[in-house]
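These notes concern the structure reproduced below.
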Amino acid sequence: MRFMTKEFHAYLDYPVALGLMVMPIILGLGAVNPLAFWFSVITGVAALMLTILTDHHLGLIKVLPYSLHLAVDFMVGLAFVAIPSIFGFAGLEAAYYWVIGATVLVVVGLHRPAEVSAAA
């Protein structure tokens with residue numbers, strides 16, 4: 001069932017980074033807690049930089065190993081799942097972080113083992 005490849009993941013990185021920056025605006029996140037807006041936007045900027053610096057075919061400055069990229073993605077997924085509880089997000093703000101966090105964890109978990117070990 002593990003079908004995610006380094007190449008396919010690379011195609012997801014840029015739209016996800018952009019989505020993390022734009023979706024809080026579209027959804028109106030931050031009305032209740034401004035951190036709900038800024039965590040996503042800042043993470044989106046960081047995700048864009050990570051993608052640009054990752055050693056995969058869409059990386060522009062290939063200095064970071066793909067295994068590090070996956071480890072950062074995993075940590076972001078865990079953080080996004082935990083952030084609503086830590087900062088008291090509720091409603092749409094909490095759901096946004098839970099869905100994004102769970103999705104990131106699923107994507108990382110679906111990587112082919114050979115892809116992960118070859119990236120190390």
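Just so we're on the same page: first chain in the structure tokens is A, next is B, and so on; residues restart at 1 for each chain, and ligands are numbered from 1 in the order they show up.
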
Near segment 85-99 of chain A, 8 Å: segment 14-64 of chain A residue rows, closest pairs, only C-alpha atoms, as CSV:
```
residue,atom,partner,partner_atom,distance
A:Leu29,CA,A:Glu93,CA,6.1
A:Gly30,CA,A:Glu93,CA,7.6
A:Asn33,CA,A:Phe89,CA,7.1
A:Ala36,CA,A:Glu93,CA,6.2
```

inquiry  = At a cut-off of 9 Å, using only C-alpha atoms, what residues contact Val104 of chain A? Leave out same-chain residues fewer than 4 positions from it and give the result as number ranges by chain.
reply    = A: 73-74, 76-78, 99-100, 108-109

Tell me, as a tab-separated table (two decimals) with C-alpha atoms, in the first residue's frame, which residues lie within 9 Å of segment 41-50 of chain A, counting only C-alpha atoms; anything in the same chain fewer than 4 positions away does not count.
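Dumped to result.tsv:
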```
chain	number	residue	atom	x	y	z
A	13	ASP	CA	5.30	20.24	-1.92
A	14	TYR	CA	4.84	23.53	-3.78
A	16	VAL	CA	0.90	22.47	-0.15
A	17	ALA	CA	3.26	25.30	0.84
A	18	LEU	CA	1.14	27.78	-1.10
A	19	GLY	CA	-2.04	26.34	0.44
A	20	LEU	CA	-0.66	26.76	3.95
A	21	MET	CA	-0.09	30.44	3.19
A	22	VAL	CA	-3.38	31.12	1.37
A	23	MET	CA	-5.99	28.90	3.05
A	24	PRO	CA	-5.94	30.79	6.38
A	37	PHE	CA	-3.60	32.23	11.14
A	54	THR	CA	15.55	19.66	-0.81
A	59	GLY	CA	14.40	21.38	-5.51
A	64	LEU	CA	19.09	19.13	2.18
A	69	HIS	CA	12.64	16.70	4.41
A	72	VAL	CA	10.50	17.68	9.06
A	73	ASP	CA	7.20	16.82	7.37
A	76	VAL	CA	5.01	19.28	11.23
```

inquiry  = List as a PyMOL selection string the protein and nucleic acid residues near Ile52 of chain A, meaning an atom at most 8 Å away when only C-alpha atoms are counted, but skip any in the same chain fewer than 5 places from it.
reply    = chain A and resi 58-62

request  = Tell me, in Å to one decimal, how far atom CA of Met4 of chain A is from atom CA of Met75 of chain A.
outcome  =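 Atom-to-atom, atom CA of Met4 of chain A and atom CA of Met75 of chain A are spaced 18.0 Å apart.
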
query = Taking the backbone alone, and naming residues the way the document does, which bits of segment 22-108 of chain A are alpha helix (DSSP H) by DSSP, as a ChimeraX atom specification?
reply = /A:22-27,34-53,66-87,91-108

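Computed from the coordinates, the atom CA of Asp55 of chain A to atom CA of Glu7 of chain A distance equals 10.7 Å.
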
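If you look at atom CA of Ala82 of chain A and atom CA of Ala102 of chain A, they are 10.4 Å away from each other.
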